[in-house]
$ cat final.cif   # mmCIF, C-alpha atoms
data_model
loop_
_atom_site.label_atom_id
_atom_site.label_comp_id
_atom_site.auth_asym_id
_atom_site.auth_seq_id
_atom_site.Cartn_x
_atom_site.Cartn_y
_atom_site.Cartn_z
CA MET M 360 0.00 0.00 0.00
CA ARG M 361 2.87 2.33 0.93
CA SER M 362 4.67 1.46 -2.29
CA PHE M 363 1.59 2.40 -4.32
CA SER M 364 1.30 5.71 -2.49
CA GLY M 365 5.00 6.42 -3.19
CA LEU M 366 4.56 5.73 -6.89
CA LYS M 367 1.52 7.97 -6.96
CA LEU M 368 3.41 10.78 -5.26
CA MET M 369 6.34 10.37 -7.67
CA ALA M 370 3.97 10.52 -10.65
CA VAL M 371 2.42 13.72 -9.31
CA LEU M 372 5.89 15.28 -8.84
CA LEU M 373 6.97 14.29 -12.34
CA ALA M 374 3.78 15.77 -13.80
CA ALA M 375 4.36 18.97 -11.86
CA LEU M 376 7.96 19.15 -13.06
CA LEU M 377 6.80 18.59 -16.65
CA VAL M 378 4.21 21.38 -16.37
CA LEU M 379 6.84 23.68 -14.81
CA TYR M 380 9.34 22.90 -17.62
CA ILE M 381 6.76 23.58 -20.33
CA SER M 382 5.73 26.79 -18.60
CA MET M 383 9.37 27.91 -18.42
CA GLN M 384 9.86 27.24 -22.14
CA VAL M 385 6.70 29.13 -23.01
CA TYR M 386 7.85 32.03 -20.84
CA LEU M 387 11.31 32.09 -22.40
CA VAL M 388 9.82 32.11 -25.89
CA SER M 389 7.22 34.74 -25.03
CA TYR M 390 9.51 36.90 -22.90
CA PRO M 391 13.10 36.41 -24.12
CA SER M 392 15.98 37.76 -22.07
CA TYR M 393 17.16 39.78 -25.06
CA ARG M 394 15.84 42.35 -27.54
CA THR M 395 16.63 42.29 -31.25
CA GLU M 396 16.63 44.77 -34.10
CA VAL M 397 16.80 44.05 -37.83
CA ALA M 398 19.79 45.58 -39.64
CA VAL M 399 18.39 47.88 -42.33
CA LEU M 400 19.94 50.47 -44.62
CA TYR M 401 20.48 53.88 -43.00
CA GLU M 402 21.59 57.08 -44.71
CA LEU M 403 23.19 60.12 -43.11
CA THR M 404 24.54 63.31 -44.66
CA ASP M 405 27.15 65.28 -42.76
CA GLU M 406 26.39 68.95 -43.49
CA ILE M 407 26.58 72.56 -42.35
CA THR M 408 23.56 74.89 -42.51
CA ALA M 409 24.06 78.63 -42.86
CA SER M 410 22.07 81.77 -43.65
CA GLY M 411 23.10 84.28 -46.29
CA THR M 412 22.27 85.96 -49.58
CA VAL M 413 23.00 85.49 -53.28
CA VAL M 414 25.29 88.03 -54.97
CA ARG M 415 25.34 88.52 -58.77
CA ASN M 416 26.00 91.05 -61.49
CA GLU M 417 22.40 92.13 -62.18
CA ALA M 418 21.14 94.84 -64.52
CA VAL M 419 17.60 96.03 -63.74
CA ALA M 420 15.49 97.18 -66.70
CA ASP M 421 12.24 99.15 -66.80
CA THR M 422 9.59 97.78 -69.12
CA SER M 423 7.47 100.10 -71.26
CA SER M 424 4.18 101.39 -69.96
CA GLY M 425 1.22 99.07 -70.33
CA VAL M 426 0.55 95.43 -69.47
CA ASN M 427 3.51 93.14 -70.10
CA TYR M 428 3.55 89.49 -71.10
CA TYR M 429 6.99 87.88 -70.95
CA LEU M 430 8.03 85.75 -73.91
CA VAL M 431 10.94 84.04 -72.11
CA SER M 432 11.19 82.20 -68.79
CA ASP M 433 13.34 82.77 -65.73
CA GLY M 434 16.87 81.51 -66.33
CA ASP M 435 16.61 81.61 -70.14
CA LYS M 436 19.65 82.92 -72.02
CA VAL M 437 18.78 86.00 -74.08
CA ALA M 438 20.78 88.05 -76.57
CA LYS M 439 21.07 91.83 -76.70
CA GLY M 440 18.14 93.22 -78.71
CA GLU M 441 16.04 90.06 -78.33
CA SER M 442 12.33 90.53 -77.54
CA VAL M 443 11.71 89.44 -73.97
CA ALA M 444 8.16 90.73 -73.55
CA GLU M 445 5.22 92.19 -75.42
CA TYR M 446 2.96 94.82 -73.96
CA TYR M 447 -0.68 95.72 -74.41
CA ARG M 448 -2.64 98.95 -74.05
CA ASP M 449 -4.78 97.65 -71.13
CA PRO M 450 -5.33 94.53 -69.00
CA SER M 451 -8.48 93.52 -70.90
CA ALA M 452 -6.67 93.34 -74.23
CA ALA M 453 -3.83 91.34 -72.66
CA VAL M 454 -6.18 88.81 -71.07
CA ARG M 455 -8.23 88.35 -74.25
CA SER M 456 -5.11 87.99 -76.39
CA LEU M 457 -3.60 85.35 -74.13
CA TYR M 458 -6.94 83.55 -73.92
CA ARG M 459 -7.11 83.43 -77.72
CA GLN M 460 -3.53 82.12 -77.96
CA GLN M 461 -4.36 79.31 -75.52
CA LEU M 462 -7.46 78.37 -77.52
CA GLU M 463 -5.51 78.32 -80.78
CA LYS M 464 -2.93 75.97 -79.27
CA GLU M 465 -5.67 73.63 -78.04
CA LEU M 466 -7.38 73.68 -81.42
CA GLY M 467 -4.11 72.67 -83.08
CA ILE M 468 -3.84 69.63 -80.79
CA LEU M 469 -7.46 68.62 -81.42
CA GLU M 470 -7.04 68.89 -85.19
CA ASP M 471 -3.87 66.78 -85.08
CA LEU M 472 -5.69 64.08 -83.11
CA SER M 473 -8.57 64.07 -85.59
CA LYS M 474 -6.04 63.41 -88.39
CA GLY M 475 -4.57 60.45 -86.51
CA ASN M 476 -1.36 62.26 -85.55
CA ARG M 477 -0.89 60.55 -82.21
CA GLY M 478 2.85 61.02 -81.76
CA ASN M 479 4.24 58.35 -79.42
CA THR M 480 2.25 55.08 -79.50
CA ASN M 481 4.14 53.18 -76.79
CA LEU M 482 1.62 52.70 -73.98
CA GLU M 483 4.20 52.46 -71.19
CA SER M 484 5.97 55.59 -72.41
CA ILE M 485 2.67 57.49 -72.63
CA ARG M 486 1.72 56.34 -69.13
CA LYS M 487 5.02 57.65 -67.72
CA SER M 488 4.47 60.92 -69.56
CA VAL M 489 1.02 61.33 -67.99
CA TYR M 490 2.38 60.70 -64.49
CA GLY M 491 5.17 63.21 -65.15
CA LEU M 492 2.66 65.84 -66.29
CA LEU M 493 0.49 65.28 -63.23
CA SER M 494 3.58 65.62 -61.03
CA SER M 495 4.46 68.91 -62.75
CA TYR M 496 0.90 70.14 -62.28
CA SER M 497 1.03 69.31 -58.57
CA ALA M 498 4.45 70.94 -58.09
CA GLU M 499 3.50 74.15 -59.90
CA THR M 500 0.20 74.59 -58.08
CA GLY M 501 2.00 73.88 -54.80
CA ARG M 502 4.31 76.84 -55.55
CA ASN M 503 1.30 78.97 -56.61
CA ASP M 504 2.82 79.10 -60.08
CA TYR M 505 0.03 78.84 -62.66
CA SER M 506 1.94 80.20 -65.64
CA GLY M 507 2.49 76.76 -67.18
CA ILE M 508 -0.82 75.13 -66.28
CA GLY M 509 -2.27 75.68 -69.75
CA ASP M 510 0.65 73.88 -71.40
CA VAL M 511 0.34 70.99 -68.93
CA ARG M 512 -3.39 70.72 -69.62
CA ARG M 513 -2.89 70.59 -73.38
CA SER M 514 -0.15 67.99 -73.05
CA LEU M 515 -2.45 65.88 -70.89
CA ILE M 516 -5.20 66.09 -73.54
CA SER M 517 -2.75 64.90 -76.17
CA SER M 518 -1.22 62.11 -74.04
CA LEU M 519 -4.50 60.74 -72.72
CA SER M 520 -6.05 60.75 -76.19
CA SER M 521 -2.98 59.02 -77.66
CA TYR M 522 -3.17 56.40 -74.91
CA GLU M 523 -6.85 55.72 -75.62
CA ILE M 524 -6.27 55.39 -79.37
CA SER M 525 -3.12 53.27 -79.00
CA ALA M 526 -4.97 50.95 -76.61
CA GLY M 527 -7.55 50.23 -79.32
CA GLY M 528 -10.16 52.82 -78.40
CA SER M 529 -11.31 55.90 -80.28
CA VAL M 530 -11.44 59.60 -79.51
CA ASP M 531 -13.88 62.00 -81.16
CA THR M 532 -12.47 65.52 -81.04
CA SER M 533 -14.88 67.13 -83.50
CA SER M 534 -17.34 68.41 -80.90
CA ARG M 535 -14.67 70.03 -78.71
CA ALA M 536 -12.86 71.42 -81.78
CA GLU M 537 -16.04 73.15 -82.98
CA GLU M 538 -16.59 74.57 -79.49
CA VAL M 539 -13.04 75.96 -79.44
CA ARG M 540 -13.47 77.55 -82.90
CA ASN M 541 -16.59 79.35 -81.66
CA GLN M 542 -14.69 80.59 -78.58
CA ILE M 543 -11.88 81.90 -80.80
CA SER M 544 -14.38 83.82 -82.94
CA SER M 545 -16.02 85.30 -79.85
CA ALA M 546 -12.66 86.41 -78.45
CA GLY M 547 -12.11 88.81 -81.35
CA GLY M 548 -8.89 89.25 -83.24
CA SER M 549 -7.89 92.48 -84.95
CA ASP M 550 -7.69 94.56 -81.78
CA LEU M 551 -5.90 91.97 -79.64
CA GLY M 552 -2.34 92.25 -80.88
CA PRO M 553 0.43 93.70 -78.71
CA THR M 554 1.14 97.41 -79.08
CA GLY M 555 4.90 96.94 -78.73
CA TYR M 556 7.78 94.77 -77.59
CA VAL M 557 10.39 94.97 -74.86
CA THR M 558 13.92 94.10 -75.96
CA ALA M 559 16.89 93.13 -73.82
CA ASP M 560 19.49 95.88 -73.37
CA GLU M 561 22.28 93.32 -72.97
CA SER M 562 22.99 89.61 -73.18
CA GLY M 563 22.63 87.37 -70.17
CA PHE M 564 20.15 85.30 -68.20
CA PHE M 565 16.60 86.63 -67.92
CA VAL M 566 14.65 86.99 -64.65
CA SER M 567 11.07 88.26 -64.78
CA PHE M 568 11.10 90.24 -61.51
CA THR M 569 13.27 92.32 -59.23
CA ASP M 570 13.58 92.21 -55.44
CA GLY M 571 15.25 95.49 -54.44
CA CYS M 572 18.48 93.75 -53.38
CA GLU M 573 20.26 93.92 -56.72
CA SER M 574 22.78 96.61 -55.73
CA ILE M 575 23.08 96.12 -51.97
CA LEU M 576 26.00 93.73 -52.29
CA THR M 577 27.89 93.14 -55.55
CA PRO M 578 30.73 90.76 -56.49
CA GLU M 579 33.16 93.72 -56.56
CA MET M 580 32.20 94.75 -53.02
CA ILE M 581 32.99 91.30 -51.63
CA ASP M 582 36.68 91.86 -52.34
CA THR M 583 36.90 95.12 -50.40
CA LEU M 584 34.54 94.83 -47.40
CA GLN M 585 35.32 93.54 -43.92
CA PRO M 586 33.35 90.60 -42.40
CA GLU M 587 31.38 92.96 -40.13
CA GLN M 588 30.31 95.09 -43.10
CA ILE M 589 29.29 92.04 -45.18
CA LYS M 590 27.23 90.68 -42.26
CA LYS M 591 25.29 93.95 -42.02
CA LEU M 592 24.58 93.92 -45.77
CA ILE M 593 23.34 90.31 -45.58
CA GLU M 594 20.94 91.37 -42.81
CA LYS M 595 19.83 94.38 -44.89
CA SER M 596 19.13 92.15 -47.90
CA HIS M 597 16.90 89.94 -45.75
CA SER M 598 15.01 92.92 -44.35
CA ILE M 599 14.27 94.91 -47.53
CA TYR M 600 13.47 92.10 -49.99
CA ARG M 601 10.42 93.11 -52.07
CA TYR M 602 9.12 91.10 -55.02
CA ASP M 603 8.38 93.41 -57.97
CA PRO M 604 6.95 91.81 -61.16
CA ASP M 605 6.75 95.15 -63.01
CA ARG M 606 10.48 95.20 -63.79
CA TYR M 607 12.83 92.53 -65.04
CA LYS M 608 16.59 92.05 -64.83
CA ILE M 609 19.43 90.44 -66.76
CA LEU M 610 22.12 88.40 -65.02
CA SER M 611 25.20 89.20 -67.04
CA ASP M 612 27.34 86.27 -65.89
CA TYR M 613 26.75 82.58 -65.29
CA VAL M 614 29.12 82.76 -62.29
CA TRP M 615 27.40 83.90 -59.09
CA TYR M 616 28.13 84.00 -55.36
CA TYR M 617 26.56 83.20 -52.04
CA VAL M 618 27.82 84.94 -48.90
CA CYS M 619 26.80 83.62 -45.50
CA THR M 620 27.69 83.72 -41.82
CA MET M 621 28.41 80.70 -39.64
CA SER M 622 30.19 79.83 -36.43
CA GLN M 623 33.97 79.69 -36.61
CA GLU M 624 33.75 76.02 -35.59
CA ASP M 625 31.67 75.24 -38.69
CA ALA M 626 33.82 77.46 -40.89
CA SER M 627 36.96 75.59 -39.74
CA ARG M 628 35.62 72.48 -41.49
CA LEU M 629 35.75 74.24 -44.87
CA ARG M 630 38.84 74.74 -47.00
CA ALA M 631 39.36 77.67 -49.38
CA GLY M 632 39.60 76.49 -52.98
CA ARG M 633 37.77 73.21 -52.32
CA LYS M 634 34.40 72.31 -53.86
CA TYR M 635 31.42 70.97 -51.93
CA SER M 636 27.88 70.01 -52.89
CA ALA M 637 25.19 72.48 -51.77
CA ASP M 638 21.39 72.56 -51.49
CA PHE M 639 19.21 75.64 -51.00
CA SER M 640 16.24 75.49 -48.64
CA PHE M 641 12.72 75.72 -50.11
CA SER M 642 14.14 75.52 -53.64
CA SER M 643 14.73 72.92 -56.30
CA ALA M 644 18.32 74.19 -56.57
CA GLU M 645 20.04 71.07 -55.22
CA ASP M 646 23.41 69.35 -55.51
CA LEU M 647 25.07 72.44 -56.94
CA PRO M 648 28.90 72.41 -56.95
CA ALA M 649 30.01 75.20 -54.57
CA ARG M 650 33.61 76.44 -54.42
CA VAL M 651 34.84 78.10 -51.23
CA GLU M 652 36.37 81.41 -52.32
CA LYS M 653 37.02 83.04 -48.95
CA ILE M 654 36.67 82.42 -45.23
CA LEU M 655 36.73 85.73 -43.34
CA PRO M 656 36.77 85.49 -39.52
CA ALA M 657 35.16 88.33 -37.59
CA ALA M 658 37.47 90.39 -35.39
CA ASP M 659 35.73 89.29 -32.17
CA GLY M 660 35.84 85.59 -33.15
CA SER M 661 32.07 85.13 -32.83
CA TYR M 662 31.48 84.12 -36.47
CA SER M 663 32.99 83.86 -39.92
CA VAL M 664 31.80 85.10 -43.30
CA VAL M 665 32.11 82.45 -46.03
CA VAL M 666 32.03 83.32 -49.73
CA LEU M 667 30.97 80.53 -52.11
CA SER M 668 31.01 80.67 -55.90
CA PHE M 669 28.83 78.76 -58.36
CA ASP M 670 29.21 78.31 -62.10
CA ARG M 671 25.89 76.62 -62.84
CA MET M 672 22.89 78.67 -63.95
CA ASN M 673 19.40 77.24 -64.29
CA PRO M 674 15.82 78.45 -63.63
CA ALA M 675 15.96 77.52 -59.93
CA ALA M 676 19.35 79.19 -59.39
CA SER M 677 18.40 82.36 -61.29
CA VAL M 678 15.67 83.36 -58.80
CA LEU M 679 17.55 82.63 -55.55
CA ARG M 680 18.20 85.41 -53.08
CA ASN M 681 17.92 84.88 -49.29
CA GLU M 682 17.45 81.12 -48.92
CA ASP M 683 19.45 79.14 -46.34
CA ILE M 684 22.15 76.82 -47.64
CA LYS M 685 23.22 73.29 -46.73
CA ILE M 686 26.88 72.56 -47.46
CA LYS M 687 27.31 68.78 -47.64
CA PHE M 688 30.47 66.93 -46.79
CA THR M 689 29.97 63.18 -46.96
CA ASN M 690 26.97 60.98 -47.52
CA TYR M 691 27.11 57.81 -45.39
CA ARG M 692 25.09 54.72 -46.28
CA GLY M 693 25.26 51.70 -44.02
CA ILE M 694 23.79 49.89 -41.03
CA ARG M 695 23.17 51.95 -37.91
CA VAL M 696 24.06 50.12 -34.67
CA ASP M 697 23.49 51.50 -31.19
CA LYS M 698 26.71 51.40 -29.16
CA SER M 699 24.93 49.46 -26.41
CA ALA M 700 24.82 46.47 -28.81
CA LEU M 701 28.58 46.44 -29.49
CA ARG M 702 30.77 43.71 -27.97
CA LEU M 703 34.53 43.19 -27.99
CA ILE M 704 35.43 39.54 -28.64
CA ASP M 705 39.11 38.58 -28.85
CA GLY M 706 39.98 42.17 -29.69
CA VAL M 707 37.39 42.33 -32.50
CA LEU M 708 34.50 44.80 -32.24
CA GLY M 709 31.14 43.46 -33.36
CA VAL M 710 27.63 42.45 -32.37
CA TYR M 711 25.72 39.32 -31.53
CA ILE M 712 23.09 38.30 -34.03
CA LYS M 713 20.26 35.80 -33.70
CA PHE M 714 20.71 33.08 -36.30
CA GLY M 715 17.74 30.75 -36.04
CA SER M 716 18.04 29.21 -32.58
CA LEU M 717 21.75 30.09 -32.40
CA VAL M 718 23.68 33.21 -31.50
CA LYS M 719 26.55 34.27 -33.75
CA PHE M 720 29.11 37.05 -33.62
CA ARG M 721 29.54 39.46 -36.54
CA LYS M 722 32.23 42.12 -36.66
CA VAL M 723 31.36 45.67 -37.72
CA ASP M 724 33.12 47.83 -40.31
CA ILE M 725 32.77 51.36 -38.92
CA ILE M 726 32.48 54.16 -41.51
CA TYR M 727 30.97 56.81 -39.19
CA GLU M 728 30.67 57.17 -35.43
CA THR M 729 28.88 59.38 -32.89
CA GLU M 730 28.61 59.20 -29.11
CA ASP M 731 25.44 57.08 -29.36
CA TYR M 732 25.82 54.92 -32.48
CA ILE M 733 28.06 53.76 -35.29
CA ILE M 734 27.37 53.18 -38.98
CA SER M 735 28.79 49.94 -40.33
CA SER M 736 29.34 49.44 -44.06
CA ALA M 737 26.33 47.84 -45.73
CA THR M 738 27.03 44.34 -46.96
CA GLU M 739 24.61 41.61 -47.88
CA GLY M 740 25.11 37.94 -47.08
CA SER M 741 28.65 38.31 -45.70
CA GLY M 742 29.84 35.49 -43.49
CA SER M 743 31.92 37.44 -40.98
CA VAL M 744 30.78 41.09 -41.21
CA LEU M 745 27.40 42.43 -40.11
CA SER M 746 25.04 42.27 -43.09
CA LEU M 747 21.71 43.79 -44.06
CA TYR M 748 18.71 42.05 -42.49
CA ASP M 749 20.75 40.36 -39.76
CA GLU M 750 18.83 40.26 -36.47
CA ILE M 751 21.05 42.22 -34.08
CA ILE M 752 20.76 41.49 -30.37
CA VAL M 753 20.71 45.01 -28.93
CA GLN M 754 19.98 44.09 -25.31
CA GLY M 755 20.38 40.89 -23.30
CA LYS M 756 21.87 39.19 -20.26
CA ASN M 757 24.28 36.27 -19.88
CA LEU M 758 25.13 36.11 -23.58
CA TYR M 759 27.69 33.47 -24.44
CA ILE M 760 29.08 32.47 -27.77
CA ASP M 761 30.63 29.37 -29.23
CA ARG M 762 34.10 30.34 -30.53
CA ASP M 763 33.68 28.01 -33.49
CA LEU M 764 30.41 29.76 -34.36
CA ALA M 765 32.14 33.13 -34.08
CA ARG M 766 34.58 32.10 -36.75
CA SER M 767 31.90 30.63 -39.05
#

$ encode --input "final.cif" --output "structure tokens"
Amino acid sequence: MRSFSGLKLMAVLLAALLVLYISMQVYLVSYPSYRTEVAVLYELTDEITASGTVVRNEAVADTSSGVNYYLVSDGDKVAKGESVAEYYRDPSAAVRSLYRQQLEKELGILEDLSKGNRGNTNLESIRKSVYGLLSSYSAETGRNDYSGIGDVRRSLISSLSSYEISAGGSVDTSSRAEEVRNQISSAGGSDLGPTGYVTADESGFFVSFTDGCESILTPEMIDTLQPEQIKKLIEKSHSIYRYDPDRYKILSDYVWYYVCTMSQEDASRLRAGRKYSADFSFSSAEDLPARVEKILPAADGSYSVVVLSFDRMNPAASVLRNEDIKIKFTNYRGIRVDKSALRLIDGVLGVYIKFGSLVKFRKVDIIYETEDYIISSATEGSGSVLSLYDEIIVQGKNLYIDRDLARS
């Protein structure tokens, strides 16, 4: 009887131990003693941000009296004597004339489509064109720039119609074409022409407005002024900027300058004569090669004036004035690893990674470092170096590693 009771007690203890073991395993799986993080691609740009103003050789021109319509766009190269604008006797004539020109352009597209002139017939190419036009439409409206909306609309009509026809469908343009012809007739004609033209006084790059800062600081002045004087003129340029669409200007040189102030610590990272890549805030002027011409420390040591030169002119660059600049040094692409995850094994710096049910050691190849993290070069599928998509153990207790596994 006692023997039976002993066996029963032993069975109960074994069952309890089994339940406890299973519970421990479930707990360890559900609440591991470590935390992991997947190694993904991280990108960091080392850069300096500064505030300043653009300096150029700019000739301001007065347009003739009346309502002006510019025939060229900002940043376009024009020759001396070339017509840059036409003017009208009053706003009503200008609006009606432009309206008629837009209608005539649309009618031309509709007539081409009716004749089967579809242009490109590759569906994928047309689709990309449509997406590009929609992107342009969104960007221009986002900048409150509606000057090119009519051209975008007409291009969309042409592309969408070509897509429909090329896909096997049909497009009937006759009804819309007749409607446009009637609108052209109603708009009038003989009294809508411009009363004169505005011609460029010199060759250069055209800009359709002035801002009042054209003569505050010139390239010649940069060579003679002290840092304190340049700083005051930068501040003045920021304070008096006024957009004026009634006058235009010609940029006589494709070389232009940007003068800015920054801490002497930041300025010490730059080298005169060296080129860097630069972006301008709130502008599409990006990745422009910038050459450091001068670094002028202030007498009291509180800041430095930096003079940058550019030799690339485009529409975005032609209208810049007081935007902030980002001067970029190096672009780092790799795997970001918190320093708390780093381990030193046999003199080799690396991390533990979870490899199925095993733990392995992977060394890191540091390309950038801060107080809190490092960036390791991005590899994929490497046997000994940390690779993309490895599961890094970033926190854990009592971590041990098989030396043979570490070398695998």

$ closest_residue --input "final.cif" --among "M:Phe564, M:Tyr748, M:Tyr691, M:Phe641" --to "Ile725 of chain M" --atoms "only C-alpha atoms"
M:Tyr691

$ residues_near_point --input "final.cif" --point "(13.5, 87.1, -67.1)" --cutoff "8 Å" --atoms "only C-alpha atoms" --output "NGL selection string"
:M and (429 or 431-435 or 443 or 564-568 or 607-609)

$ write_last_selection --input "final.cif" --atoms "C-alpha atoms" --output "compact mmCIF listing (two decimals), in the frame of the given file"
# COMPACT_ATOMS: atom_id res chain seq x y z
CA TYR M 429 6.99 87.88 -70.95
CA VAL M 431 10.94 84.04 -72.11
CA SER M 432 11.19 82.20 -68.79
CA ASP M 433 13.34 82.77 -65.73
CA GLY M 434 16.87 81.51 -66.33
CA ASP M 435 16.61 81.61 -70.14
CA VAL M 443 11.71 89.44 -73.97
CA PHE M 564 20.15 85.30 -68.20
CA PHE M 565 16.60 86.63 -67.92
CA VAL M 566 14.65 86.99 -64.65
CA SER M 567 11.07 88.26 -64.78
CA PHE M 568 11.10 90.24 -61.51
CA TYR M 607 12.83 92.53 -65.04
CA LYS M 608 16.59 92.05 -64.83
CA ILE M 609 19.43 90.44 -66.76

$ atom_distance --input "final.cif" --atom1 "atom CA of Val723 of chain M" --atom2 "atom CA of Ser636 of chain M"
28.9 Å

$ axis_aligned_box --input "final.cif" --around "segment 628-646 of chain M" --padding-each-side "8 Å" --output "lines of an AutoDock Vina configuration file"
center_x = 26.2
center_y = 73.5
center_z = -49.0
size_x = 42.9
size_y = 24.3
size_z = 31.1

$ closest_residue --input "final.cif" --among "M:Ser743, M:Ser534, M:Gln754, M:Ser668" --to "Ala700 of chain M" --atoms "all atoms listed in the file"
M:Gln754

$ atom_distance --input "final.cif" --atom1 "atom CA of Ala637 of chain M" --atom2 "atom CA of Lys436 of chain M"
23.4 Å

$ closest_residue --input "final.cif" --among "M:Tyr401, M:Asp603, M:Thr395, M:Asp570" --to "Leu747 of chain M" --atoms "only C-alpha atoms"
M:Tyr401

$ closest_residue --input "final.cif" --among "M:Phe714, M:Tyr600, M:Trp615, M:Phe688" --to "Leu403 of chain M" --atoms "all atoms listed in the file"
M:Phe688

$ residues_around --input "final.cif" --residues "Leu745 of chain M" --least-positions-apart "4" --cutoff "7 Å" --atoms "all atoms listed in the file" --output "list of chain:residue names"
M:Arg721, M:Lys722, M:Val723, M:Asp749

$ closest_residue --input "final.cif" --among "M:Val399, M:Ala559, M:Val618, M:Leu647" --to "Glu594 of chain M" --atoms "all atoms listed in the file"
M:Val618

$ build_atoms --input "final.cif" --residues "segment 648-660 of chain M" --atoms "N, CA and C atoms" --output "short mmCIF file (atom, residue, chain, number, x, y, z; two decimals), keeping the file's coordinate frame"
data_model
loop_
_atom_site.label_atom_id
_atom_site.label_comp_id
_atom_site.auth_asym_id
_atom_site.auth_seq_id
_atom_site.Cartn_x
_atom_site.Cartn_y
_atom_site.Cartn_z
N PRO M 648 27.49 72.34 -57.36
CA PRO M 648 28.90 72.41 -56.95
C PRO M 648 29.23 73.82 -56.43
N ALA M 649 29.70 73.91 -55.20
CA ALA M 649 30.01 75.20 -54.57
C ALA M 649 31.49 75.25 -54.22
N ARG M 650 32.18 76.27 -54.70
CA ARG M 650 33.61 76.44 -54.42
C ARG M 650 33.79 77.49 -53.33
N VAL M 651 34.56 77.15 -52.31
CA VAL M 651 34.84 78.10 -51.23
C VAL M 651 35.88 79.10 -51.72
N GLU M 652 35.46 80.36 -51.87
CA GLU M 652 36.37 81.41 -52.32
C GLU M 652 37.13 82.05 -51.17
N LYS M 653 36.40 82.36 -50.09
CA LYS M 653 37.02 83.04 -48.95
C LYS M 653 36.38 82.59 -47.65
N ILE M 654 37.17 82.59 -46.60
CA ILE M 654 36.67 82.42 -45.23
C ILE M 654 37.22 83.59 -44.43
N LEU M 655 36.32 84.49 -43.99
CA LEU M 655 36.73 85.73 -43.34
C LEU M 655 36.26 85.73 -41.88
N PRO M 656 37.16 85.48 -40.93
CA PRO M 656 36.77 85.49 -39.52
C PRO M 656 36.48 86.90 -39.02
N ALA M 657 35.46 87.04 -38.21
CA ALA M 657 35.16 88.33 -37.59
C ALA M 657 36.23 88.66 -36.56
N ALA M 658 36.41 89.94 -36.31
CA ALA M 658 37.47 90.39 -35.39
C ALA M 658 37.25 89.85 -33.97
N ASP M 659 36.00 89.75 -33.53
CA ASP M 659 35.73 89.29 -32.17
C ASP M 659 35.66 87.77 -32.06
N GLY M 660 35.82 87.06 -33.18
CA GLY M 660 35.84 85.59 -33.15
C GLY M 660 34.48 84.93 -32.99
#
